[in-house]
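*Asks:* Just start12.cif, nothing more (mmCIF, C-alpha atoms):
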```cif
data_entry
#
loop_
_atom_site.label_atom_id
_atom_site.label_comp_id
_atom_site.auth_asym_id
_atom_site.auth_seq_id
_atom_site.Cartn_x
_atom_site.Cartn_y
_atom_site.Cartn_z
CA MET E 78 17.93 -8.89 8.03
CA LYS E 79 14.16 -8.59 8.14
CA ALA E 80 12.03 -5.46 7.76
CA LEU E 81 8.37 -4.64 8.33
CA ILE E 82 6.61 -2.71 5.57
CA VAL E 83 3.52 -0.84 6.79
CA VAL E 84 1.34 0.04 3.80
CA ASP E 85 -0.79 3.19 3.62
CA ILE E 86 -2.37 3.42 7.06
CA GLN E 87 -3.68 6.89 6.27
CA ASN E 88 -6.82 8.73 7.29
CA ASP E 89 -8.49 8.55 3.88
CA PHE E 90 -8.32 4.73 3.94
CA LEU E 91 -9.88 4.47 7.39
CA PRO E 92 -13.57 4.67 8.37
CA GLY E 93 -14.82 8.16 7.62
CA GLY E 94 -12.14 8.73 4.99
CA ALA E 95 -12.58 9.47 1.30
CA LEU E 96 -11.70 5.91 0.27
CA ALA E 97 -12.46 4.02 3.46
CA VAL E 98 -11.53 0.36 3.73
CA GLN E 99 -14.06 -1.46 5.87
CA GLU E 100 -12.61 -2.16 9.33
CA GLY E 101 -9.30 -0.66 8.25
CA ASP E 102 -8.88 0.82 11.72
CA LYS E 103 -9.11 -2.64 13.31
CA ILE E 104 -5.60 -3.55 12.15
CA ILE E 105 -3.85 -0.60 13.82
CA PRO E 106 -3.42 -2.20 17.28
CA ILE E 107 -1.90 -5.28 15.63
CA VAL E 108 0.50 -3.11 13.60
CA ASN E 109 1.50 -1.14 16.70
CA ASP E 110 2.25 -4.37 18.55
CA LEU E 111 4.36 -5.77 15.73
CA MET E 112 6.52 -2.75 14.90
CA PRO E 113 8.81 -3.02 17.98
CA LYS E 114 9.61 -6.62 17.02
CA PHE E 115 11.51 -5.44 13.92
CA ASP E 116 14.86 -3.69 13.69
CA LEU E 117 13.67 -1.79 10.63
CA VAL E 118 10.16 -0.45 9.95
CA VAL E 119 9.27 1.27 6.68
CA ALA E 120 5.91 2.89 5.91
CA THR E 121 4.48 3.68 2.50
CA GLN E 122 2.30 6.76 2.04
CA ASP E 123 -0.01 7.58 -0.85
CA TRP E 124 0.87 11.18 -1.72
CA HIS E 125 -1.18 12.35 -4.68
CA PRO E 126 -1.25 15.74 -6.39
CA ARG E 127 -4.78 17.15 -6.50
CA GLU E 128 -4.79 16.75 -10.30
CA HIS E 129 -3.94 13.06 -10.17
CA GLY E 130 -5.17 11.06 -13.16
CA SER E 131 -6.58 8.27 -10.99
CA PHE E 132 -9.20 10.61 -9.50
CA ALA E 133 -12.64 10.31 -11.11
CA SER E 134 -13.18 14.03 -10.49
CA ASN E 135 -10.46 14.83 -13.02
CA HIS E 136 -12.31 13.07 -15.86
CA LYS E 137 -15.52 14.39 -17.37
CA ASN E 138 -18.60 12.19 -16.88
CA LYS E 139 -16.65 9.60 -14.89
CA LYS E 140 -17.34 8.29 -11.41
CA PRO E 141 -15.41 6.23 -8.86
CA GLY E 142 -15.22 2.60 -9.90
CA ASP E 143 -15.17 3.39 -13.62
CA GLN E 144 -12.14 2.23 -15.57
CA ILE E 145 -10.14 4.15 -18.14
CA GLU E 146 -6.78 3.90 -19.87
CA LEU E 147 -4.18 6.06 -18.16
CA PHE E 148 -0.64 6.33 -19.49
CA GLY E 149 -1.29 3.16 -21.51
CA LEU E 150 -2.49 1.18 -18.50
CA ASN E 151 -5.92 0.12 -17.30
CA GLN E 152 -6.84 2.38 -14.38
CA VAL E 153 -9.64 2.12 -11.81
CA LEU E 154 -10.89 5.61 -11.01
CA TRP E 155 -11.05 6.51 -7.33
CA PRO E 156 -12.51 9.30 -5.22
CA ASP E 157 -10.02 12.07 -4.48
CA HIS E 158 -7.87 10.66 -1.68
CA CYS E 159 -4.53 11.13 0.07
CA VAL E 160 -4.00 14.54 -1.53
CA GLN E 161 -0.63 15.96 -0.58
CA ASP E 162 -0.56 18.02 2.62
CA THR E 163 -4.16 17.23 3.59
CA PHE E 164 -5.54 15.49 6.66
CA GLY E 165 -6.60 12.52 4.53
CA ALA E 166 -3.00 11.87 3.51
CA GLU E 167 -1.71 11.86 7.08
CA PHE E 168 -1.00 8.67 8.95
CA SER E 169 -3.63 7.73 11.50
CA LYS E 170 -3.05 9.32 14.89
CA GLN E 171 -3.59 5.84 16.37
CA LEU E 172 -0.53 4.56 14.49
CA LYS E 173 2.67 4.70 16.55
CA THR E 174 4.65 6.60 13.94
CA SER E 175 7.58 6.95 16.35
CA SER E 176 8.35 3.31 15.53
CA ILE E 177 8.68 4.06 11.79
CA ASP E 178 12.27 4.44 10.57
CA HIS E 179 11.63 5.52 6.99
CA VAL E 180 8.67 6.73 4.88
CA VAL E 181 8.32 6.14 1.13
CA GLN E 182 5.84 8.37 -0.69
CA LYS E 183 4.17 7.09 -3.85
CA GLY E 184 1.60 8.17 -6.42
CA THR E 185 3.23 11.58 -6.84
CA ASP E 186 3.15 11.59 -10.67
CA ILE E 187 -0.20 12.83 -12.01
CA LEU E 188 0.06 10.57 -15.07
CA ILE E 189 0.36 7.19 -13.37
CA ASP E 190 -0.84 5.51 -10.20
CA SER E 191 1.42 3.66 -7.78
CA TYR E 192 -0.10 0.81 -5.81
CA SER E 193 3.23 -0.83 -5.02
CA GLY E 194 5.67 0.60 -2.52
CA PHE E 195 8.49 -0.20 -4.96
CA PHE E 196 7.36 1.03 -8.39
CA ASP E 197 4.63 2.92 -10.16
CA ASN E 198 2.04 0.74 -11.90
CA GLY E 199 3.89 0.80 -15.21
CA LYS E 200 7.31 0.06 -13.68
CA LYS E 201 8.51 3.36 -15.20
CA LYS E 202 9.97 4.74 -11.98
CA ARG E 203 11.23 3.36 -8.70
CA THR E 204 10.23 4.83 -5.35
CA GLY E 205 13.62 4.23 -3.75
CA LEU E 206 12.32 1.56 -1.38
CA ASP E 207 14.35 -1.25 -2.94
CA ASP E 208 17.59 0.73 -2.73
CA PHE E 209 16.87 1.70 0.86
CA LEU E 210 16.19 -1.87 1.96
CA LYS E 211 19.24 -3.23 0.16
CA SER E 212 21.43 -0.52 1.71
CA ARG E 213 20.36 -1.83 5.12
CA GLY E 214 21.05 -5.44 4.23
CA VAL E 215 17.37 -6.48 4.22
CA ASP E 216 16.62 -9.80 2.56
CA MET E 217 13.26 -10.64 4.19
CA VAL E 218 10.16 -8.44 4.36
CA PHE E 219 6.86 -8.73 6.19
CA ILE E 220 4.03 -6.65 4.71
CA LEU E 221 0.77 -5.47 6.25
CA GLY E 222 -1.63 -2.53 5.97
CA LEU E 223 -4.17 -1.31 3.43
CA ALA E 224 -5.47 -2.62 1.21
CA THR E 225 -4.97 -6.35 0.73
CA ASP E 226 -6.22 -6.41 -2.86
CA TYR E 227 -4.34 -3.33 -4.07
CA CYS E 228 -1.33 -1.73 -2.40
CA VAL E 229 -0.46 -4.64 -0.11
CA LYS E 230 -0.73 -7.13 -2.97
CA PHE E 231 1.35 -5.17 -5.45
CA THR E 232 3.99 -4.33 -2.85
CA ALA E 233 4.27 -8.02 -1.97
CA LEU E 234 4.41 -9.16 -5.61
CA ASP E 235 7.17 -6.67 -6.37
CA ALA E 236 9.11 -7.59 -3.24
CA ALA E 237 9.05 -11.27 -4.22
CA HIS E 238 10.03 -10.43 -7.80
CA LEU E 239 12.97 -8.36 -6.51
CA GLY E 240 14.26 -11.36 -4.61
CA TYR E 241 13.16 -10.69 -1.04
CA ARG E 242 11.78 -13.52 1.05
CA THR E 243 8.31 -12.05 1.31
CA PHE E 244 5.51 -12.60 3.78
CA VAL E 245 2.12 -10.93 4.22
CA VAL E 246 0.35 -10.76 7.58
CA PRO E 247 -3.30 -11.27 6.50
CA ASP E 248 -4.92 -10.50 9.86
CA ALA E 249 -3.15 -7.11 9.75
CA THR E 250 -4.66 -6.23 6.36
CA ARG E 251 -8.12 -5.40 5.07
CA ALA E 252 -9.42 -5.36 1.47
CA VAL E 253 -11.33 -2.85 -0.65
CA ASN E 254 -13.33 -5.68 -2.29
CA LEU E 255 -14.66 -3.69 -5.23
CA GLN E 256 -15.78 -7.08 -6.52
CA ALA E 257 -16.82 -10.04 -4.39
CA GLY E 258 -13.86 -12.34 -3.88
CA ASP E 259 -11.15 -9.72 -4.46
CA TYR E 260 -9.53 -10.50 -1.10
CA ASP E 261 -9.37 -14.24 -1.72
CA ASN E 262 -8.14 -13.72 -5.28
CA ALA E 263 -5.40 -11.39 -4.05
CA VAL E 264 -4.20 -13.89 -1.45
CA GLU E 265 -4.12 -16.67 -4.05
CA GLU E 266 -2.21 -14.50 -6.53
CA MET E 267 0.37 -13.69 -3.88
CA ARG E 268 0.73 -17.33 -2.86
CA LEU E 269 1.29 -18.37 -6.48
CA ALA E 270 4.06 -15.75 -6.69
CA GLY E 271 5.83 -17.30 -3.70
CA VAL E 272 4.61 -14.90 -1.04
CA GLY E 273 4.15 -16.56 2.34
CA MET E 274 1.23 -15.93 4.65
CA ILE E 275 1.91 -15.60 8.36
CA SER E 276 -0.40 -14.56 11.19
CA SER E 277 0.50 -11.77 13.60
CA GLY E 278 0.43 -14.35 16.40
CA GLU E 279 3.26 -16.25 14.77
CA LEU E 280 5.38 -13.10 14.88
CA SER E 281 4.72 -12.35 18.54
#
```
Output the file's structure as structure tokens, nothing else.

*Replies:*
Amino acid sequence: MKALIVVDIQNDFLPGGALAVQEGDKIIPIVNDLMPKFDLVVATQDWHPREHGSFASNHKNKKPGDQIELFGLNQVLWPDHCVQDTFGAEFSKQLKTSSIDHVVQKGTDILIDSYSGFFDNGKKKRTGLDDFLKSRGVDMVFILGLATDYCVKFTALDAAHLGYRTFVVPDATRAVNLQAGDYDNAVEEMRLAGVGMISSGELS
């Protein structure tokens, strides 16, 4: 069985949001068109406590883009974003959420960030996504959303590592691109890990 994983299409990652991904809103019509083609649609949702350790505002003399060690891991510091129960954490109103069967919240532990929909960044805790997919007999996943070089990439890498046949839909993703070339590097890293690339048109 195949499932679609829709990654973090939340207000704070869209134009005007606290951590806006350029043209992030442009993928929403593609996502809406693809969701009905799958028997199972799962969405991930960044869901941070206000005191989250990945927020630059919670570290003295630090700014977004700086890097620190957090819980023994290298951590990029971000603007406050996707704070629990705020508008920024909500899914975009343009996203047809009625087509989503299950939501997995991540990044809820203040001590560690969670880019992947499956694990936190240190692989200390699972989100429950793997168990949910396996309980439904899923063996193939198609991943899209925001952002290509962070949450999409790490979700795809973990899916492949867990044994799913894994595909990313590049035209239904957009990248943060903190550094030039981050998008291309992310795609290459996923390919090397056995993740397939498929266009939305091929799924129509």

*Asks:* Report the residues retrieved by the PyMOL selection byres ((chain E and resi 273) around 7) from the displayed file, expressed as JSON, numbers by chain.

*Replies:* {"E": [243, 244, 245, 268, 271, 272, 274, 275]}

*Asks:* Once the PyMOL selection byres ((chain E and resi 155-166) around 7) has been evaluated on this model, what residues remain selected, and can you format them as number ranges by chain?

*Replies:* E: 87-89, 94-96, 123-127, 131-133, 141-142, 153-154, 167-168

*Asks:* Considering all atoms listed in the file, return as a list in words whatever protein or nucleic-acid residues lie within 6 Å of Leu223 (chain E), sequence-local ones (same chain, fewer than 5 positions apart) excluded.

*Replies:*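 Residues meeting the cut-off are Val84, Asp85, Thr250 and Arg251 of chain E.
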
*Asks:* What residues come out when you apply the PyMOL selection byres ((chain E and resi 107) around 12) to this file, written as a list in words?

*Replies:*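 With the shown file as input, the PyMOL selection byres ((chain E and resi 107) around 12) matches Val83, Gly101, Asp102, Lys103, Ile104, Ile105, Pro106, Val108, Asn109, Asp110, Leu111, Met112, Pro113, Lys114, Gln171, Leu172, Lys173, Leu221, Gly222, Val246, Pro247, Asp248, Ala249, Thr250, Ser276, Ser277, Gly278, Leu280 and Ser281 of chain E.
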
*Asks:* CA of Leu188 (chain E) to CA of Leu147 (chain E): how many Å, to one decimal?

*Replies:*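 Between these atoms lies a distance of 6.9 Å.
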
*Asks:* Hey, can you check how far CA of Asp235 (chain E) sits from CA of Glu100 (chain E)?

*Replies:*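 According to the coordinates, CA of Asp235 (chain E) and CA of Glu100 (chain E) are separated by 25.7 Å.
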
*Asks:* Quick one, how far is CA of Gly205 (chain E) from CA of Asp259 (chain E)?

*Replies:*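 About the pair CA of Gly205 (chain E) and CA of Asp259 (chain E): they are 28.4 Å apart.
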
*Asks:* Using all atoms listed in the file for the distances, tell me which of E:Val180, E:Val118, E:Ile189, E:Ile86 is nearest to Val218 (chain E).

*Replies:*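 Distance minimum relative to Val218 (chain E) lands on E:Val118.
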
*Asks:* Smallest atom-to-atom distance to Lys211 (chain E): which of E:Gly194, E:Gly240, E:Gly184, E:Gly199, using all atoms listed in the file?

*Replies:* E:Gly240
